[in-house]
$ cat coords24.cif   # mmCIF, C-alpha atoms and all ligand atoms
data_model
#
loop_
_atom_site.label_atom_id
_atom_site.label_comp_id
_atom_site.auth_asym_id
_atom_site.auth_seq_id
_atom_site.Cartn_x
_atom_site.Cartn_y
_atom_site.Cartn_z
CA MET A 1 44.22 73.10 184.41
CA PRO A 2 40.53 72.78 185.35
CA PRO A 3 39.48 69.16 185.92
CA ILE A 4 37.95 67.02 183.17
CA THR A 5 34.30 67.12 184.09
CA PHE A 6 31.91 64.18 184.06
CA ASN A 7 29.11 66.51 185.12
CA VAL A 8 25.83 65.76 183.36
CA GLY A 9 25.27 69.33 182.27
CA PRO A 10 26.69 71.77 181.64
CA SER A 11 29.08 69.13 180.44
CA ARG A 12 32.51 68.76 178.92
CA LEU A 13 33.16 70.72 175.75
CA SER A 14 35.48 69.06 173.23
CA ALA A 15 38.63 70.74 171.91
CA GLU A 16 36.80 71.12 168.58
CA VAL A 17 33.90 73.01 170.19
CA LEU A 18 36.32 75.23 172.11
CA SER A 19 38.06 76.05 168.86
CA ASP A 20 34.67 76.76 167.20
CA ILE A 21 33.96 79.23 170.04
CA LYS A 22 37.28 80.94 169.31
CA LEU A 23 36.45 81.03 165.59
CA ALA A 24 33.00 82.49 166.33
CA SER A 25 34.68 85.17 168.40
CA ASP A 26 37.30 85.91 165.70
CA GLU A 27 34.56 86.15 163.08
CA ARG A 28 32.33 88.16 165.44
CA ILE A 29 29.41 85.79 164.86
CA MET A 30 27.63 86.97 168.02
CA GLU A 31 27.35 90.50 166.59
CA LEU A 32 25.40 89.40 163.50
CA SER A 33 21.87 90.63 163.13
CA HIS A 34 19.40 87.81 163.59
CA ARG A 35 17.60 89.19 160.52
CA SER A 36 20.71 89.04 158.32
CA GLU A 37 21.54 86.71 155.43
CA GLU A 38 24.62 85.55 157.36
CA PHE A 39 22.52 84.42 160.31
CA SER A 40 20.00 82.84 157.98
CA LYS A 41 22.79 80.66 156.52
CA ILE A 42 24.07 79.68 159.98
CA SER A 43 20.58 78.73 161.10
CA GLU A 44 19.86 76.84 157.88
CA MET A 45 22.99 74.76 158.37
CA ALA A 46 22.02 73.93 161.96
CA VAL A 47 18.48 72.90 160.99
CA LYS A 48 19.58 70.87 157.96
CA ASN A 49 22.24 69.06 159.98
CA LEU A 50 19.70 68.36 162.75
CA ARG A 51 17.33 66.88 160.16
CA GLN A 52 20.06 64.68 158.72
CA TYR A 53 21.67 63.60 161.99
CA PHE A 54 18.40 62.75 163.75
CA ARG A 55 16.73 61.43 160.57
CA ILE A 56 13.79 63.76 161.12
CA PRO A 57 10.90 63.00 158.76
CA ASP A 58 10.38 65.77 156.18
CA ASP A 59 6.93 66.65 157.47
CA TYR A 60 8.18 67.30 161.04
CA GLN A 61 9.16 70.86 161.98
CA VAL A 62 12.25 71.95 163.89
CA PHE A 63 12.10 74.93 166.26
CA TYR A 64 14.62 76.54 168.59
CA ALA A 65 13.73 77.09 172.25
CA PRO A 66 15.67 78.59 175.15
CA SER A 67 15.80 75.40 177.26
CA ALA A 68 14.28 71.99 177.89
CA VAL A 69 12.11 73.37 180.69
CA SER A 70 10.71 76.04 178.38
CA SER A 71 10.09 73.28 175.81
CA MET A 72 7.95 71.42 178.38
CA GLN A 73 5.94 74.60 178.87
CA SER A 74 5.67 75.16 175.11
CA ALA A 75 4.53 71.58 174.41
CA VAL A 76 1.81 71.77 177.08
CA SER A 77 0.67 75.27 176.08
CA ASN A 78 0.46 74.43 172.38
CA CYS A 79 -0.86 70.88 172.47
CA CYS A 80 -2.63 69.97 175.72
CA ARG A 81 -6.31 70.85 175.78
CA GLN A 82 -7.12 69.63 179.25
CA ARG A 83 -5.96 66.20 180.33
CA SER A 84 -2.29 65.24 180.48
CA TYR A 85 -0.71 61.96 181.57
CA HIS A 86 2.89 61.86 182.79
CA PHE A 87 5.23 58.93 183.25
CA VAL A 88 7.16 60.17 186.28
CA CYS A 89 10.34 58.40 187.34
CA GLY A 90 12.42 61.16 188.93
CA SER A 91 12.89 64.90 189.26
CA PHE A 92 12.81 65.94 185.60
CA SER A 93 9.76 63.92 184.60
CA ASP A 94 8.12 65.31 187.74
CA MET A 95 9.04 68.82 186.63
CA PHE A 96 7.21 68.17 183.35
CA ALA A 97 4.07 67.18 185.27
CA GLN A 98 4.39 70.31 187.39
CA ALA A 99 4.74 72.44 184.26
CA ALA A 100 1.40 71.04 183.03
CA ALA A 101 -0.22 71.60 186.45
CA SER A 102 1.05 75.18 186.52
CA LEU A 103 -0.84 75.78 183.26
CA GLY A 104 -4.06 74.54 184.84
CA LYS A 105 -4.17 71.14 183.17
CA ASP A 106 -5.83 68.10 184.66
CA VAL A 107 -2.64 66.15 185.39
CA ASN A 108 -2.52 62.36 185.85
CA ILE A 109 0.69 60.78 187.07
CA ASN A 110 2.04 57.27 186.61
CA GLU A 111 4.83 57.13 189.19
CA ALA A 112 7.67 54.61 189.12
CA PRO A 113 9.42 53.64 192.36
CA ILE A 114 12.62 55.67 192.70
CA GLY A 115 15.45 54.09 190.67
CA GLU A 116 13.06 52.27 188.35
CA MET A 117 11.40 53.00 185.02
CA ASN A 118 7.63 53.17 184.63
CA ASP A 119 5.57 50.10 183.88
CA PHE A 120 4.43 51.15 180.42
CA GLN A 121 2.59 47.93 179.66
CA ASN A 122 0.14 48.27 182.53
CA ALA A 123 -0.41 52.01 182.37
CA ALA A 124 -4.08 52.89 182.87
CA ILE A 125 -4.33 56.05 180.81
CA PRO A 126 -7.72 57.68 181.46
CA ALA A 127 -10.13 58.18 178.58
CA GLY A 128 -9.99 61.72 177.23
CA THR A 129 -6.25 62.08 177.83
CA ASP A 130 -5.03 64.33 175.05
CA PHE A 131 -1.35 64.72 175.99
CA ILE A 132 1.14 62.09 177.19
CA ALA A 133 4.63 62.90 178.47
CA ILE A 134 7.56 60.48 178.68
CA THR A 135 11.08 61.27 179.83
CA HIS A 136 13.32 59.00 177.78
CA ASN A 137 16.35 59.38 180.01
CA GLU A 138 15.61 60.47 183.60
CA THR A 139 18.83 62.28 184.41
CA SER A 140 18.21 62.41 188.17
CA THR A 141 18.21 58.60 188.54
CA GLY A 142 19.90 57.27 185.40
CA ALA A 143 16.81 55.29 184.33
CA VAL A 144 15.95 54.97 180.66
CA CYS A 145 13.03 53.66 178.63
CA SER A 146 13.20 52.09 175.18
CA MET A 147 12.02 53.17 171.74
CA GLU A 148 9.69 50.12 171.89
CA ASP A 149 8.03 51.53 175.06
CA ILE A 150 7.48 54.84 173.27
CA LYS A 151 6.11 53.18 170.15
CA ALA A 152 3.72 50.99 172.16
CA ILE A 153 2.31 53.96 174.07
CA LYS A 154 1.82 55.80 170.79
CA GLU A 155 0.04 52.84 169.21
CA GLN A 156 -2.23 52.34 172.21
CA ASN A 157 -3.13 56.04 172.42
CA PRO A 158 -3.34 57.25 168.83
CA GLU A 159 -5.49 60.28 169.68
CA ALA A 160 -3.18 61.82 172.25
CA ILE A 161 -0.12 63.94 171.45
CA LEU A 162 2.91 62.00 172.68
CA VAL A 163 5.80 64.16 173.89
CA VAL A 164 9.26 62.80 174.74
CA ASP A 165 11.91 64.64 176.72
CA ILE A 166 15.24 63.47 175.26
CA THR A 167 17.38 66.08 176.98
CA SER A 168 20.09 63.76 178.29
CA SER A 169 20.10 61.14 175.53
CA ALA A 170 19.60 63.04 172.26
CA GLY A 171 22.58 62.78 169.99
CA ALA A 172 24.18 59.72 171.56
CA VAL A 173 21.59 56.96 171.12
CA PRO A 174 19.23 56.03 168.25
CA LEU A 175 15.74 57.57 168.27
CA ASN A 176 12.74 56.85 166.05
CA ILE A 177 11.37 60.32 165.54
CA ALA A 178 8.24 59.13 163.69
CA ASP A 179 7.09 57.27 166.83
CA ALA A 180 6.15 60.40 168.81
CA ASP A 181 4.71 63.86 168.15
CA ILE A 182 7.05 66.16 170.02
CA TRP A 183 10.68 65.56 171.01
CA PHE A 184 12.83 68.12 172.78
CA PHE A 185 16.31 68.46 174.24
CA SER A 186 18.77 71.11 175.31
CA VAL A 187 22.27 71.17 173.84
CA GLN A 188 24.43 71.17 176.98
CA LYS A 189 24.28 67.39 177.40
CA CYS A 190 25.19 64.87 174.68
CA LEU A 191 25.54 67.56 172.03
CA GLY A 192 28.41 68.94 174.11
CA LEU A 193 27.68 72.65 173.67
CA PRO A 194 27.29 75.57 176.07
CA SER A 195 23.83 75.81 177.66
CA GLY A 196 21.11 78.20 176.52
CA LEU A 197 19.56 76.51 173.49
CA ALA A 198 17.03 73.71 173.06
CA ILE A 199 15.54 72.01 170.02
CA MET A 200 11.90 71.04 169.56
CA ILE A 201 10.90 68.54 166.87
CA ILE A 202 7.20 68.74 166.01
CA SER A 203 5.00 66.28 164.09
CA PRO A 204 2.32 67.44 161.63
CA ARG A 205 -0.34 66.22 164.10
CA ALA A 206 1.11 68.29 166.94
CA TYR A 207 1.32 71.30 164.63
CA GLU A 208 -2.27 70.90 163.46
CA LYS A 209 -3.48 70.53 167.02
CA SER A 210 -1.70 73.69 168.08
CA LEU A 211 -3.32 75.53 165.16
CA ALA A 212 -6.78 74.19 166.05
CA MET A 213 -6.27 75.21 169.69
CA GLU A 214 -5.20 78.66 168.53
CA LYS A 215 -8.36 79.03 166.45
CA ASN A 216 -10.50 77.92 169.41
CA ARG A 217 -8.67 80.25 171.81
CA GLU A 218 -7.45 77.25 173.81
CA ASN A 219 -3.77 77.69 172.99
CA LEU A 220 -1.83 79.05 175.99
CA ALA A 221 1.47 79.69 174.19
CA GLY A 222 0.71 83.40 173.87
CA TYR A 223 3.06 84.90 171.32
CA TYR A 224 4.99 81.60 170.99
CA THR A 225 2.43 79.49 169.14
CA PHE A 226 3.79 76.84 166.80
CA SER A 227 2.27 78.75 163.87
CA ARG A 228 4.26 81.87 164.71
CA LEU A 229 7.45 79.86 165.28
CA GLN A 230 6.85 78.12 161.96
CA SER A 231 6.25 81.28 159.99
CA LYS A 232 9.54 82.77 161.20
CA MET A 233 11.39 79.52 160.48
CA ALA A 234 9.82 79.35 157.00
CA GLU A 235 10.90 82.93 156.30
CA LYS A 236 14.69 82.45 156.47
CA TYR A 237 15.31 80.01 159.32
CA PHE A 238 14.54 82.94 161.61
CA THR A 239 13.21 83.04 165.16
CA ILE A 240 10.62 85.22 166.91
CA ASN A 241 13.07 86.56 169.49
CA THR A 242 16.79 87.29 169.29
CA PRO A 243 18.17 83.77 169.60
CA ASN A 244 21.37 82.34 171.03
CA ILE A 245 23.29 82.91 167.80
CA LEU A 246 26.53 81.45 169.15
CA ALA A 247 24.85 78.19 170.20
CA ILE A 248 23.11 77.84 166.82
CA TYR A 249 26.45 78.38 165.07
CA LEU A 250 28.17 75.81 167.31
CA LEU A 251 25.35 73.31 166.85
CA GLY A 252 25.57 73.45 163.06
CA ARG A 253 29.33 72.94 163.14
CA GLN A 254 29.24 70.17 165.75
CA LEU A 255 26.68 68.17 163.76
CA ASP A 256 28.57 68.81 160.53
CA ARG A 257 31.68 67.29 162.10
CA TRP A 258 29.75 64.33 163.49
CA LEU A 259 28.03 63.67 160.16
CA LYS A 260 31.41 63.64 158.42
CA ASN A 261 32.90 61.31 161.03
CA GLY A 262 30.54 58.34 160.93
CA GLY A 263 27.32 60.07 162.02
CA SER A 264 25.02 58.84 164.77
CA GLU A 265 26.14 55.21 164.34
CA TYR A 266 29.71 56.10 165.23
CA ILE A 267 28.65 58.19 168.24
CA PHE A 268 26.41 55.36 169.48
CA GLU A 269 29.21 52.78 169.18
CA ASP A 270 31.59 55.10 171.05
CA THR A 271 28.94 55.65 173.76
CA LYS A 272 28.47 51.89 174.22
CA GLN A 273 32.22 51.27 174.29
CA LYS A 274 32.76 53.83 177.08
CA TYR A 275 29.69 52.57 178.94
CA ARG A 276 31.19 49.06 178.95
CA LEU A 277 34.22 50.41 180.85
CA TRP A 278 31.98 51.95 183.50
CA ASP A 279 29.78 48.87 183.65
CA GLU A 280 32.76 46.60 184.21
CA PHE A 281 34.17 48.88 186.90
CA ILE A 282 30.92 49.45 188.81
CA SER A 283 29.69 45.86 188.56
CA GLN A 284 32.98 44.48 189.91
CA SER A 285 33.42 47.05 192.67
CA ALA A 286 32.41 46.32 196.24
CA SER A 287 32.06 50.06 196.92
CA PHE A 288 29.73 51.04 194.09
CA ASP A 289 26.49 49.92 192.54
CA PHE A 290 24.16 51.23 189.87
CA PHE A 291 21.25 53.18 191.35
CA VAL A 292 19.00 51.53 188.77
CA SER A 293 18.96 47.83 189.63
CA GLN A 294 17.36 46.58 186.41
CA GLN A 295 20.17 46.27 183.90
CA GLU A 296 18.14 47.02 180.75
CA ARG A 297 16.77 50.21 182.35
CA ARG A 298 20.19 51.74 182.93
CA SER A 299 21.06 54.83 180.95
CA LEU A 300 24.04 54.65 178.62
CA THR A 301 24.51 58.42 178.73
CA SER A 302 23.94 59.55 182.35
CA LEU A 303 24.96 56.99 184.94
CA CYS A 304 23.79 57.26 188.53
CA VAL A 305 26.01 55.43 191.01
CA LEU A 306 25.18 54.41 194.58
CA ALA A 307 27.92 54.67 197.20
CA ASP A 308 28.52 55.32 200.85
CA GLU A 309 28.05 59.02 201.72
CA ASN A 310 31.60 59.37 203.06
CA LEU A 311 33.06 57.88 199.92
CA ILE A 312 31.00 60.24 197.77
CA THR A 313 32.34 63.22 199.76
CA ARG A 314 35.86 61.86 199.30
CA LEU A 315 35.32 61.65 195.53
CA HIS A 316 33.94 65.18 195.23
CA GLU A 317 36.75 66.58 197.39
CA GLY A 318 39.62 64.44 196.13
CA LEU A 319 39.05 64.04 192.40
CA PRO A 320 39.53 67.67 191.22
CA ALA A 321 43.12 67.75 192.52
CA MET A 322 43.72 64.58 190.49
CA GLY A 323 42.29 66.12 187.31
CA TYR A 324 38.67 64.95 187.31
CA GLN A 325 35.20 65.84 188.55
CA VAL A 326 32.08 63.69 188.77
CA GLY A 327 28.51 65.01 188.96
CA LYS A 328 26.59 65.46 192.22
CA GLY A 329 23.53 63.33 192.96
CA TYR A 330 20.13 64.92 192.32
CA GLY A 331 16.73 64.92 193.98
CA PRO A 332 15.76 62.46 196.75
CA SER A 333 18.80 60.22 196.13
CA LYS A 334 21.24 63.15 196.16
CA SER A 335 23.28 62.16 199.21
CA ARG A 336 23.55 58.46 198.27
CA THR A 337 24.59 58.87 194.67
CA PHE A 338 26.87 60.62 192.25
CA ARG A 339 26.34 60.91 188.52
CA ILE A 340 28.58 60.36 185.54
CA ALA A 341 28.06 61.82 182.08
CA ASN A 342 28.91 59.43 179.28
CA PHE A 343 28.66 62.02 176.54
CA PRO A 344 30.44 62.13 173.17
CA ALA A 345 32.88 64.89 174.24
CA ILE A 346 34.37 62.55 176.83
CA LYS A 347 37.10 60.35 175.42
CA GLU A 348 37.70 56.70 176.23
CA GLU A 349 41.10 57.64 177.69
CA ASP A 350 39.32 60.07 180.07
CA VAL A 351 37.06 57.25 181.27
CA ARG A 352 40.05 54.95 181.83
CA GLY A 353 41.86 57.82 183.58
CA VAL A 354 39.08 58.70 186.01
CA ILE A 355 38.40 55.05 186.86
CA LYS A 356 42.07 54.59 187.74
CA VAL A 357 41.96 57.59 190.04
CA ILE A 358 38.66 56.57 191.65
CA ARG A 359 40.23 53.18 192.48
CA LYS A 360 42.92 55.04 194.43
CA LEU A 361 40.36 57.03 196.43
CA VAL A 362 38.21 54.04 197.41
C1 LIG A 401 15.68 65.06 181.39
C2 LIG A 401 15.83 66.53 181.60
N1 LIG A 401 14.83 67.35 181.27
C3 LIG A 401 14.93 68.68 181.41
C4 LIG A 401 16.07 69.26 181.92
C5 LIG A 401 16.14 70.75 182.06
O1 LIG A 401 17.01 71.24 181.06
P1 LIG A 401 17.27 72.79 180.89
O2 LIG A 401 17.98 73.23 182.12
O3 LIG A 401 18.10 72.92 179.66
O4 LIG A 401 15.95 73.46 180.75
C6 LIG A 401 17.14 68.46 182.29
C7 LIG A 401 18.37 69.05 182.86
O5 LIG A 401 19.22 68.38 183.40
C8 LIG A 401 17.03 67.06 182.10
O6 LIG A 401 18.04 66.26 182.43
#
$ encode --input "coords24.cif" --output "structure tokens"
Amino acid sequence: MPPITFNVGPSRLSAEVLSDIKLASDERIMELSHRSEEFSKISEMAVKNLRQYFRIPDDYQVFYAPSAVSSMQSAVSNCCRQRSYHFVCGSFSDMFAQAAASLGKDVNINEAPIGEMNDFQNAAIPAGTDFIAITHNETSTGAVCSMEDIKAIKEQNPEAILVVDITSSAGAVPLNIADADIWFFSVQKCLGLPSGLAIMIISPRAYEKSLAMEKNRENLAGYYTFSRLQSKMAEKYFTINTPNILAIYLLGRQLDRWLKNGGSEYIFEDTKQKYRLWDEFISQSASFDFFVSQQERRSLTSLCVLADENLITRLHEGLPAMGYQVGKGYGPSKSRTFRIANFPAIKEEDVRGVIKVIRKLV
């Protein structure tokens, strides 16, 4: 049996998702034409369930994208005229800033010390900034910001398009979609699906700005402008390119199940319950510590744990034979840390099980 993985992505797939994959194969879903009525129905179910699960306001649009990184690129290309401002607190938020720089934007960076979250209150955002990027859950360090931080930045900068990367938190924690213009995430984290699909949620302001930039020949999205994505979506929940049909099918079914089983409130409670087990274990252990020292900045969904390098090696080498696997560290803190996914597919008994085994290896 392969070990139960606590990797932060690709992450554990639940028994239900594995059986959906089997069903998709039996029903030959992946052979459907992406211009067929059957696909249209599958896509409609995914979009409607996304709207319901994430409480997406009616005037926001939902688009598919290939990945979170491509969503960064799409957000910048469609909605940043010239000056972007990035709250950088680790490798993924830094990648977002680099994506904007690679498109020739005038990039300003607010950098948090490693293992901390940005100081949102004292951010000096230059005049003329037309695009602001926040990473809600910085997966490389396990630092998280709050919905209040996001709302405050939006209120203080009403002219700019505010974009939030929710890749490693979406689905497990509450989000206030109306408080930002663009949200995006890929599905291989909390949604517990195979990689290769991302979701972009777009406000009317972001959409209008993309249109205006298109008219002025400032839009860098090429064939993938929001207007073209929208017109395909409006047709029959279609996409410009041949999409990841399997992932869209799995997404619709996963959210359907979650909505029938208590919805986002249930998933959030379960996430907090499992986090408490980790918190108790790490806080009481002499061998481990959270990489993020400020308690309220610690992620509930992707934990980053500090430990001695030899112990980390022992965990990576020893755990698989005992039925588990934890995630490797990432970025500058790679050798000093390991990471733990606290995603919905992981059961409380799995958390108790891996903690018991880690105790033996310490
Ligand atoms: C916060 C964050 N943003 C972006 C990405 C990139 O996601 P993808 O590989 O789906 O493009 C990741 C991947 O771990 C992430 O954690």
$ residues_near_ligand --input "coords24.cif" --ligand "ligand LIG 401 (chain A)" --cutoff "8 Å" --atoms "all atoms listed in the file" --output "PDB file with C-alpha atoms, in the coordinates of the input"
ATOM      1  CA  VAL A   8      25.830  65.760 183.360  1.00  0.00           C
ATOM      2  CA  GLY A   9      25.270  69.330 182.270  1.00  0.00           C
ATOM      3  CA  PRO A  66      15.670  78.590 175.150  1.00  0.00           C
ATOM      4  CA  SER A  67      15.800  75.400 177.260  1.00  0.00           C
ATOM      5  CA  ALA A  68      14.280  71.990 177.890  1.00  0.00           C
ATOM      6  CA  VAL A  69      12.110  73.370 180.690  1.00  0.00           C
ATOM      7  CA  SER A  70      10.710  76.040 178.380  1.00  0.00           C
ATOM      8  CA  SER A  71      10.090  73.280 175.810  1.00  0.00           C
ATOM      9  CA  PHE A  92      12.810  65.940 185.600  1.00  0.00           C
ATOM     10  CA  SER A  93       9.760  63.920 184.600  1.00  0.00           C
ATOM     11  CA  MET A  95       9.040  68.820 186.630  1.00  0.00           C
ATOM     12  CA  PHE A  96       7.210  68.170 183.350  1.00  0.00           C
ATOM     13  CA  THR A 135      11.080  61.270 179.830  1.00  0.00           C
ATOM     14  CA  HIS A 136      13.320  59.000 177.780  1.00  0.00           C
ATOM     15  CA  ASN A 137      16.350  59.380 180.010  1.00  0.00           C
ATOM     16  CA  GLU A 138      15.610  60.470 183.600  1.00  0.00           C
ATOM     17  CA  THR A 139      18.830  62.280 184.410  1.00  0.00           C
ATOM     18  CA  SER A 140      18.210  62.410 188.170  1.00  0.00           C
ATOM     19  CA  ASP A 165      11.910  64.640 176.720  1.00  0.00           C
ATOM     20  CA  ILE A 166      15.240  63.470 175.260  1.00  0.00           C
ATOM     21  CA  THR A 167      17.380  66.080 176.980  1.00  0.00           C
ATOM     22  CA  SER A 168      20.090  63.760 178.290  1.00  0.00           C
ATOM     23  CA  PHE A 185      16.310  68.460 174.240  1.00  0.00           C
ATOM     24  CA  SER A 186      18.770  71.110 175.310  1.00  0.00           C
ATOM     25  CA  VAL A 187      22.270  71.170 173.840  1.00  0.00           C
ATOM     26  CA  GLN A 188      24.430  71.170 176.980  1.00  0.00           C
ATOM     27  CA  LYS A 189      24.280  67.390 177.400  1.00  0.00           C
ATOM     28  CA  SER A 195      23.830  75.810 177.660  1.00  0.00           C
ATOM     29  CA  GLY A 196      21.110  78.200 176.520  1.00  0.00           C
ATOM     30  CA  LEU A 197      19.560  76.510 173.490  1.00  0.00           C
ATOM     31  CA  ALA A 198      17.030  73.710 173.060  1.00  0.00           C
TER      32      ALA A 198
END
$ residues_around --input "coords24.cif" --residues "Tyr85 in chain A" --least-positions-apart "4" --cutoff "9 Å" --atoms "all atoms listed in the file" --output "MDAnalysis selection string"
chainID A and resid 97 106:110 125:126 129:134
$ closest_residue --input "coords24.cif" --among "A:Gly323, A:Pro57, A:Pro158, A:Gly318" --to "Asn176 in chain A" --atoms "all atoms listed in the file"
A:Pro57
$ closest_residue --input "coords24.cif" --among "A:Ile201, A:Val357, A:Ile245, A:Ile340" --to "Pro320 in chain A" --atoms "all atoms listed in the file"
A:Val357
$ closest_residue --input "coords24.cif" --among "A:Gln294, A:Ser231, A:Ala24, A:Ile161" --to "Trp183 in chain A" --atoms "all atoms listed in the file"
A:Ile161
$ build_atoms --input "coords24.cif" --residues "range 210-225 of chain A" --atoms "N, CA, C and O atoms" --output "compact mmCIF listing (two decimals), keeping the file's coordinate frame"
# COMPACT_ATOMS: atom_id res chain seq x y z
N SER A 210 -2.01 72.36 167.57
CA SER A 210 -1.70 73.69 168.08
C SER A 210 -2.49 74.76 167.32
O SER A 210 -3.03 75.71 167.92
N LEU A 211 -2.55 74.57 165.99
CA LEU A 211 -3.32 75.53 165.16
C LEU A 211 -4.80 75.53 165.55
O LEU A 211 -5.41 76.59 165.72
N ALA A 212 -5.36 74.31 165.70
CA ALA A 212 -6.78 74.19 166.05
C ALA A 212 -7.02 74.84 167.42
O ALA A 212 -8.02 75.55 167.62
N MET A 213 -6.12 74.62 168.36
CA MET A 213 -6.27 75.21 169.69
C MET A 213 -6.16 76.74 169.63
O MET A 213 -6.82 77.45 170.38
N GLU A 214 -5.34 77.20 168.70
CA GLU A 214 -5.20 78.66 168.53
C GLU A 214 -6.53 79.23 168.02
O GLU A 214 -7.01 80.25 168.53
N LYS A 215 -7.09 78.55 167.04
CA LYS A 215 -8.36 79.03 166.45
C LYS A 215 -9.47 79.05 167.48
O LYS A 215 -10.31 79.94 167.51
N ASN A 216 -9.46 78.03 168.38
CA ASN A 216 -10.50 77.92 169.41
C ASN A 216 -10.17 78.72 170.67
O ASN A 216 -10.83 78.54 171.70
N ARG A 217 -9.13 79.48 170.65
CA ARG A 217 -8.67 80.25 171.81
C ARG A 217 -8.35 79.35 173.00
O ARG A 217 -8.56 79.72 174.16
N GLU A 218 -7.85 78.15 172.72
CA GLU A 218 -7.45 77.25 173.81
C GLU A 218 -5.93 77.19 173.96
O GLU A 218 -5.41 76.57 174.87
N ASN A 219 -5.23 77.79 173.00
CA ASN A 219 -3.77 77.69 172.99
C ASN A 219 -3.19 78.69 173.99
O ASN A 219 -3.49 79.88 173.93
N LEU A 220 -2.36 78.19 174.92
CA LEU A 220 -1.83 79.05 175.99
C LEU A 220 -0.42 79.57 175.71
O LEU A 220 0.21 80.15 176.58
N ALA A 221 0.07 79.33 174.48
CA ALA A 221 1.47 79.69 174.19
C ALA A 221 1.67 81.19 173.98
O ALA A 221 2.81 81.64 173.80
N GLY A 222 0.58 81.95 174.01
CA GLY A 222 0.71 83.40 173.87
C GLY A 222 1.33 83.74 172.53
O GLY A 222 0.85 83.30 171.48
N TYR A 223 2.43 84.48 172.57
CA TYR A 223 3.06 84.90 171.32
C TYR A 223 3.84 83.74 170.67
O TYR A 223 4.16 83.78 169.49
N TYR A 224 4.13 82.69 171.47
CA TYR A 224 4.99 81.60 170.99
C TYR A 224 4.20 80.39 170.50
O TYR A 224 4.52 79.25 170.84
N THR A 225 3.17 80.63 169.71
CA THR A 225 2.43 79.49 169.14
C THR A 225 3.31 78.83 168.08
O THR A 225 4.17 79.47 167.47
